[in-house]
Amino acid sequence: SDEGRTSTDVILRGILYSQKMGARLTSNSWGGPRFSQAIYDAFASHSGLHVVAAGNSAYDNDRHDQFPANFDLPNIVTVAATNHIDQRAGFSQWGATKVDVAAPGENILSTIPGGGYATKSGTSMATPHVTGGAGLILSAYPEATNEEIKQRLIFGSDRFPAMLGVSASDGRLNLGRSLEDDNIPPGAPNDFQISQVGTRGGIVSWTSVGDDKWSNGAAPLVFLERSDRPFTGDS
């Protein structure tokens with residue numbers, strides 16, 4: 001409603017309608033602390049990708065409930081808000097595992113009910129940036145899966161020290177990078193070392209390299225695998 005209130009019934013009808021019409025994306029600038037199995041099931045059964053707001057109560061979603069942001073579903077992208085200097089907006093909720101990426105959400109110029117424009121703030125303003133970005137990715141790569149779109153949004157983001165722990169990406173949306181047609185695999189990590197080994201573990205370190213060995217940034221993701229015998233081409 002105009003007062004910002006809704007019901008489970010209305011939400012379900014909206015999700016089901018978007019599924020019926022074949023929507024690949026939905027944008028969800030709403031949420032709250034109460035879990036709904038019906039809403040969870042509706043999102044889970046929907047074939048599209050759902051971009052949702054992290055919330056505006058300045059707490060850690062890894063420690064407190066917020067839905068649909070905290071639904072553990074592969075087709076959910078949860079969005080925090082940043083300010084104009086690429087820091088988490090003071091009101092924005094965050095979560096190193098429950099939030100996926102951040103986007104501009106403070107003092108955003110937008111249309112308003114009744115006509116005209118005004119600046120508004122909230123993860124509800126950040127979420128449409130990411131939904132629009134997902135739409136651009138789909139327009140460039142129509143066959144992209146939900147997982148591929150989500151990975152492009154996360155790993156294409158710009159990382160900043162101030163964003164560490166705000167989301168799984170540690171970064172702010174960068175659609176230029178998310179749209180890149182990058183087919184060159186990154187080089188293998190160099191200088192792999194294990195140090196300070198003790199009864200409780202040790203420290204593993206390496207230099208992460210980019211597409212062209214040392215010349216083009218760093219790979220955004222590195223997988224580590226452990227074995228009790230040497231790795232070979234077959235293993």
# chains A, B, ... in the order shown; residues from 1 in each chain; ligands from 1
$ residues_around --residues "Ile194 (chain A)" --least-positions-apart "3" --cutoff "8 Å" --atoms "only C-alpha atoms" --output "MDAnalysis selection string"
chainID A and resid 197 202:205
$ residues_around --residues "region 133-150 of chain A" --least-positions-apart "6" --cutoff "8 Å" --atoms "only C-alpha atoms" --output "PyMOL selection string"
chain A and resi 25+48-49+74-75+77+175+178-179
$ select_by_dssp --residues "region 12-144 of chain A" --states "strand (DSSP E or B)" --output "PyMOL selection string"
chain A and resi 25-28+32+49-53+60+67+76-82+88+94+101-104+108-111+117-120
$ write_last_selection --atoms "N, CA, C and O atoms" --output "CSV table (one decimal), in the first residue's frame"
chain,number,residue,atom,x,y,z
A,25,LEU,N,13.5,-12.0,-13.9
A,25,LEU,CA,14.0,-11.2,-12.7
A,25,LEU,C,12.9,-10.6,-12.0
A,25,LEU,O,11.9,-10.3,-12.6
A,26,THR,N,13.0,-10.6,-10.6
A,26,THR,CA,12.1,-9.8,-9.8
A,26,THR,C,13.0,-8.9,-8.9
A,26,THR,O,14.1,-9.2,-8.5
A,27,SER,N,12.4,-7.7,-8.6
A,27,SER,CA,13.1,-6.7,-7.7
A,27,SER,C,12.2,-6.6,-6.5
A,27,SER,O,11.0,-6.3,-6.5
A,28,ASN,N,12.8,-6.8,-5.3
A,28,ASN,CA,12.1,-6.9,-4.0
A,28,ASN,C,12.6,-5.9,-3.0
A,28,ASN,O,13.5,-6.2,-2.2
A,32,GLY,N,11.3,-8.2,6.2
A,32,GLY,CA,11.0,-8.1,7.6
A,32,GLY,C,11.6,-9.3,8.4
A,32,GLY,O,12.2,-10.2,7.7
A,49,LEU,N,15.5,-15.1,-11.2
A,49,LEU,CA,16.5,-14.7,-10.1
A,49,LEU,C,15.8,-13.5,-9.4
A,49,LEU,O,15.2,-12.6,-10.0
A,50,HIS,N,15.9,-13.5,-8.1
A,50,HIS,CA,15.2,-12.5,-7.2
A,50,HIS,C,16.2,-11.7,-6.5
A,50,HIS,O,17.0,-12.2,-5.7
A,51,VAL,N,16.2,-10.4,-6.8
A,51,VAL,CA,17.1,-9.4,-6.1
A,51,VAL,C,16.3,-8.8,-5.0
A,51,VAL,O,15.2,-8.2,-5.2
A,52,VAL,N,16.9,-8.8,-3.8
A,52,VAL,CA,16.1,-8.4,-2.6
A,52,VAL,C,17.0,-7.5,-1.7
A,52,VAL,O,18.2,-7.5,-1.7
A,53,ALA,N,16.3,-6.6,-1.0
A,53,ALA,CA,16.9,-5.6,-0.1
A,53,ALA,C,17.4,-6.3,1.2
A,53,ALA,O,16.7,-7.1,1.8
A,60,ASP,N,23.6,-6.9,11.6
A,60,ASP,CA,24.3,-8.0,10.8
A,60,ASP,C,23.3,-9.1,10.5
A,60,ASP,O,22.8,-9.8,11.4
A,67,PHE,N,14.0,-11.3,6.2
A,67,PHE,CA,13.5,-12.1,5.0
A,67,PHE,C,12.8,-11.2,4.1
A,67,PHE,O,12.1,-10.2,4.5
A,76,ILE,N,18.4,-16.2,-5.0
A,76,ILE,CA,18.3,-14.9,-4.3
A,76,ILE,C,19.6,-14.2,-4.3
A,76,ILE,O,20.7,-14.7,-4.1
A,77,VAL,N,19.5,-12.9,-4.6
A,77,VAL,CA,20.7,-12.0,-4.5
A,77,VAL,C,20.3,-10.9,-3.5
A,77,VAL,O,19.4,-10.1,-3.8
A,78,THR,N,21.0,-10.8,-2.4
A,78,THR,CA,20.7,-9.8,-1.4
A,78,THR,C,21.6,-8.7,-1.5
A,78,THR,O,22.9,-8.8,-1.6
A,79,VAL,N,21.1,-7.4,-1.3
A,79,VAL,CA,21.8,-6.2,-1.6
A,79,VAL,C,21.9,-5.3,-0.4
A,79,VAL,O,20.9,-4.9,0.2
A,80,ALA,N,23.1,-4.9,-0.1
A,80,ALA,CA,23.3,-3.8,0.9
A,80,ALA,C,23.4,-2.5,0.2
A,80,ALA,O,23.5,-2.4,-1.1
A,81,ALA,N,23.5,-1.4,0.9
A,81,ALA,CA,23.5,0.0,0.3
A,81,ALA,C,24.9,0.6,0.7
A,81,ALA,O,25.4,0.5,1.8
A,82,THR,N,25.4,1.4,-0.3
A,82,THR,CA,26.6,2.2,-0.1
A,82,THR,C,26.3,3.7,-0.3
A,82,THR,O,25.2,4.1,-0.8
A,88,ARG,N,29.7,1.5,3.4
A,88,ARG,CA,28.4,1.0,3.7
A,88,ARG,C,27.6,2.2,4.3
A,88,ARG,O,28.1,2.9,5.2
A,94,TRP,N,24.0,-5.6,6.8
A,94,TRP,CA,25.1,-6.3,6.1
A,94,TRP,C,25.2,-7.7,6.5
A,94,TRP,O,24.4,-8.2,7.3
A,101,VAL,N,26.1,-8.6,-2.4
A,101,VAL,CA,26.8,-7.4,-3.0
A,101,VAL,C,26.1,-6.2,-2.5
A,101,VAL,O,25.0,-6.2,-2.0
A,102,ALA,N,26.8,-5.0,-2.7
A,102,ALA,CA,26.3,-3.7,-2.3
A,102,ALA,C,26.2,-2.8,-3.6
A,102,ALA,O,26.8,-3.1,-4.6
A,103,ALA,N,25.3,-1.8,-3.5
A,103,ALA,CA,25.1,-0.9,-4.6
A,103,ALA,C,24.7,0.5,-4.0
A,103,ALA,O,24.3,0.6,-2.8
A,104,PRO,N,24.8,1.5,-4.8
A,104,PRO,CA,24.5,2.9,-4.3
A,104,PRO,C,23.0,2.9,-3.8
A,104,PRO,O,22.1,2.5,-4.5
A,108,ILE,N,19.6,8.9,-3.4
A,108,ILE,CA,19.5,8.5,-4.8
A,108,ILE,C,18.3,9.3,-5.4
A,108,ILE,O,17.2,9.2,-4.9
A,109,LEU,N,18.6,9.9,-6.5
A,109,LEU,CA,17.5,10.7,-7.2
A,109,LEU,C,16.6,9.7,-7.9
A,109,LEU,O,17.0,8.9,-8.7
A,110,SER,N,15.3,9.9,-7.7
A,110,SER,CA,14.3,9.0,-8.2
A,110,SER,C,13.0,9.6,-8.4
A,110,SER,O,12.7,10.7,-7.8
A,111,THR,N,12.1,9.0,-9.3
A,111,THR,CA,10.8,9.5,-9.4
A,111,THR,C,10.0,9.2,-8.1
A,111,THR,O,10.4,8.3,-7.3
A,117,TYR,N,10.6,14.5,-8.9
A,117,TYR,CA,11.8,13.7,-8.4
A,117,TYR,C,12.1,14.1,-7.0
A,117,TYR,O,11.8,15.2,-6.6
A,118,ALA,N,12.8,13.2,-6.3
A,118,ALA,CA,13.3,13.5,-5.0
A,118,ALA,C,14.4,12.5,-4.7
A,118,ALA,O,14.6,11.5,-5.4
A,119,THR,N,15.3,12.8,-3.7
A,119,THR,CA,16.3,11.9,-3.3
A,119,THR,C,15.8,11.1,-2.1
A,119,THR,O,15.2,11.6,-1.2
A,120,LYS,N,16.1,9.8,-2.2
A,120,LYS,CA,15.6,8.8,-1.2
A,120,LYS,C,16.8,7.9,-0.9
A,120,LYS,O,17.7,7.7,-1.7
$ residues_around --residues "Leu164 (chain A)" --least-positions-apart "6" --cutoff "12 Å" --atoms "only C-alpha atoms" --output "CSV table (one decimal) with N, CA, C and O atoms, in the first residue's frame"
chain,number,residue,atom,x,y,z
A,86,ASP,N,31.7,5.1,-1.4
A,86,ASP,CA,31.9,3.6,-1.4
A,86,ASP,C,32.2,3.0,0.0
A,86,ASP,O,33.1,2.2,0.2
A,87,GLN,N,31.4,3.5,0.9
A,87,GLN,CA,31.3,2.9,2.2
A,87,GLN,C,29.9,2.4,2.5
A,87,GLN,O,28.9,2.9,1.8
A,88,ARG,N,29.7,1.5,3.4
A,88,ARG,CA,28.4,1.0,3.7
A,88,ARG,C,27.6,2.2,4.3
A,88,ARG,O,28.1,2.9,5.2
A,94,TRP,N,24.0,-5.6,6.8
A,94,TRP,CA,25.1,-6.3,6.1
A,94,TRP,C,25.2,-7.7,6.5
A,94,TRP,O,24.4,-8.2,7.3
A,95,GLY,N,26.1,-8.5,5.9
A,95,GLY,CA,26.3,-9.9,6.3
A,95,GLY,C,27.3,-10.5,5.4
A,95,GLY,O,27.1,-10.6,4.2
A,96,ALA,N,28.4,-11.0,5.9
A,96,ALA,CA,29.5,-11.6,5.2
A,96,ALA,C,29.0,-12.8,4.4
A,96,ALA,O,29.6,-13.2,3.4
A,97,THR,N,28.0,-13.5,4.9
A,97,THR,CA,27.5,-14.7,4.2
A,97,THR,C,26.1,-14.5,3.7
A,97,THR,O,25.7,-15.2,2.8
A,99,VAL,N,24.5,-11.6,2.8
A,99,VAL,CA,24.4,-10.5,1.8
A,99,VAL,C,25.4,-10.8,0.6
A,99,VAL,O,26.5,-11.2,0.9
A,101,VAL,N,26.1,-8.6,-2.4
A,101,VAL,CA,26.8,-7.4,-3.0
A,101,VAL,C,26.1,-6.2,-2.5
A,101,VAL,O,25.0,-6.2,-2.0
A,102,ALA,N,26.8,-5.0,-2.7
A,102,ALA,CA,26.3,-3.7,-2.3
A,102,ALA,C,26.2,-2.8,-3.6
A,102,ALA,O,26.8,-3.1,-4.6
A,158,ASP,N,33.5,-4.0,-7.4
A,158,ASP,CA,34.8,-3.3,-7.0
A,158,ASP,C,34.9,-3.5,-5.5
A,158,ASP,O,34.1,-3.1,-4.7
A,170,ASP,N,32.5,-8.4,-0.8
A,170,ASP,CA,33.3,-7.3,-0.2
A,170,ASP,C,33.3,-6.1,-1.1
A,170,ASP,O,34.3,-5.3,-1.1
A,171,GLY,N,32.3,-5.9,-2.0
A,171,GLY,CA,32.4,-4.9,-3.0
A,171,GLY,C,31.1,-4.2,-3.3
A,171,GLY,O,30.0,-4.5,-2.8
A,172,ARG,N,31.3,-3.2,-4.2
A,172,ARG,CA,30.2,-2.4,-4.7
A,172,ARG,C,30.0,-2.7,-6.2
A,172,ARG,O,31.0,-2.8,-6.9
$ residues_around --residues "Gly122 (chain A)" --least-positions-apart "2" --cutoff "9 Å" --atoms "only C-alpha atoms" --output "JSON, numbers by chain"
{"A": [53, 55, 56, 80, 81, 89, 91, 92, 105, 106, 107, 108, 120, 124, 125, 126, 127]}
$ closest_residue --among "A:Asn174, A:Asn183, A:Ser45, A:Ser157" --to "Leu16 (chain A)" --atoms "only C-alpha atoms"
A:Ser45
$ residues_around --residues "Ser208 (chain A)" --least-positions-apart "3" --cutoff "8 Å" --atoms "only C-alpha atoms" --output "JSON, numbers by chain"
{"A": [188, 189, 190, 218, 219, 222]}
$ select_by_dssp --residues "region 153-192 of chain A" --states "helix (DSSP H, G or I)" --output "ChimeraX atom specification"
/A:153-155,161-163,175-178
$ atom_distance --atom1 "CA of Val209 (chain A)" --atom2 "CA of His129 (chain A)"
29.7 Å
$ decode --residues "region 180-200 of chain A" --atoms "N, CA, C and O atoms" --output "tab-separated table (two decimals), in the first residue's frame"
chain	number	residue	atom	x	y	z
A	180	GLU	N	31.69	-7.80	-18.78
A	180	GLU	CA	32.85	-8.15	-19.59
A	180	GLU	C	32.73	-9.56	-20.15
A	180	GLU	O	32.27	-10.48	-19.48
A	181	ASP	N	33.18	-9.73	-21.39
A	181	ASP	CA	33.23	-11.05	-22.02
A	181	ASP	C	34.64	-11.60	-21.83
A	181	ASP	O	35.47	-11.58	-22.74
A	182	ASP	N	34.91	-12.07	-20.64
A	182	ASP	CA	36.26	-12.48	-20.24
A	182	ASP	C	36.37	-14.00	-20.35
A	182	ASP	O	35.80	-14.73	-19.55
A	183	ASN	N	37.09	-14.47	-21.35
A	183	ASN	CA	37.25	-15.90	-21.57
A	183	ASN	C	38.66	-16.39	-21.25
A	183	ASN	O	38.99	-17.54	-21.53
A	184	ILE	N	39.50	-15.51	-20.67
A	184	ILE	CA	40.87	-15.91	-20.34
A	184	ILE	C	40.91	-16.34	-18.88
A	184	ILE	O	40.61	-15.55	-17.99
A	185	PRO	N	41.27	-17.58	-18.60
A	185	PRO	CA	41.33	-18.01	-17.20
A	185	PRO	C	42.50	-17.36	-16.47
A	185	PRO	O	43.53	-17.07	-17.09
A	186	PRO	N	42.35	-17.09	-15.20
A	186	PRO	CA	43.47	-16.51	-14.44
A	186	PRO	C	44.59	-17.51	-14.29
A	186	PRO	O	44.39	-18.73	-14.38
A	187	GLY	N	45.79	-16.99	-14.06
A	187	GLY	CA	46.93	-17.86	-13.83
A	187	GLY	C	46.83	-18.53	-12.47
A	187	GLY	O	46.06	-18.13	-11.60
A	188	ALA	N	47.62	-19.59	-12.29
A	188	ALA	CA	47.64	-20.28	-11.00
A	188	ALA	C	48.29	-19.39	-9.94
A	188	ALA	O	49.15	-18.56	-10.24
A	189	PRO	N	47.88	-19.52	-8.67
A	189	PRO	CA	48.52	-18.73	-7.61
A	189	PRO	C	50.02	-19.00	-7.54
A	189	PRO	O	50.48	-20.12	-7.78
A	190	ASN	N	50.79	-17.97	-7.24
A	190	ASN	CA	52.24	-18.08	-7.10
A	190	ASN	C	52.63	-17.97	-5.63
A	190	ASN	O	51.85	-17.52	-4.79
A	191	ASP	N	53.85	-18.35	-5.32
A	191	ASP	CA	54.44	-18.16	-3.99
A	191	ASP	C	53.61	-18.83	-2.90
A	191	ASP	O	53.42	-18.29	-1.80
A	192	PHE	N	53.09	-20.01	-3.18
A	192	PHE	CA	52.26	-20.71	-2.18
A	192	PHE	C	53.13	-21.13	-1.00
A	192	PHE	O	54.16	-21.76	-1.17
A	193	GLN	N	52.70	-20.74	0.22
A	193	GLN	CA	53.49	-21.02	1.42
A	193	GLN	C	52.59	-21.43	2.57
A	193	GLN	O	51.45	-20.99	2.68
A	194	ILE	N	53.13	-22.27	3.44
A	194	ILE	CA	52.47	-22.62	4.70
A	194	ILE	C	53.44	-22.29	5.81
A	194	ILE	O	54.62	-22.67	5.77
A	195	SER	N	52.97	-21.54	6.81
A	195	SER	CA	53.86	-21.11	7.89
A	195	SER	C	53.14	-21.19	9.22
A	195	SER	O	51.92	-21.39	9.31
A	196	GLN	N	53.90	-21.04	10.28
A	196	GLN	CA	53.40	-21.02	11.65
A	196	GLN	C	52.50	-22.23	11.93
A	196	GLN	O	51.43	-22.11	12.52
A	197	VAL	N	52.96	-23.40	11.49
A	197	VAL	CA	52.18	-24.61	11.69
A	197	VAL	C	52.29	-25.06	13.14
A	197	VAL	O	53.39	-25.16	13.70
A	198	GLY	N	51.15	-25.33	13.75
A	198	GLY	CA	51.12	-25.78	15.14
A	198	GLY	C	50.00	-26.78	15.35
A	198	GLY	O	49.38	-27.25	14.39
A	199	THR	N	49.73	-27.08	16.60
A	199	THR	CA	48.70	-28.07	16.91
A	199	THR	C	47.31	-27.60	16.53
A	199	THR	O	46.40	-28.41	16.32
A	200	ARG	N	47.11	-26.29	16.42
A	200	ARG	CA	45.79	-25.75	16.09
A	200	ARG	C	45.67	-25.30	14.64
A	200	ARG	O	44.64	-24.77	14.23
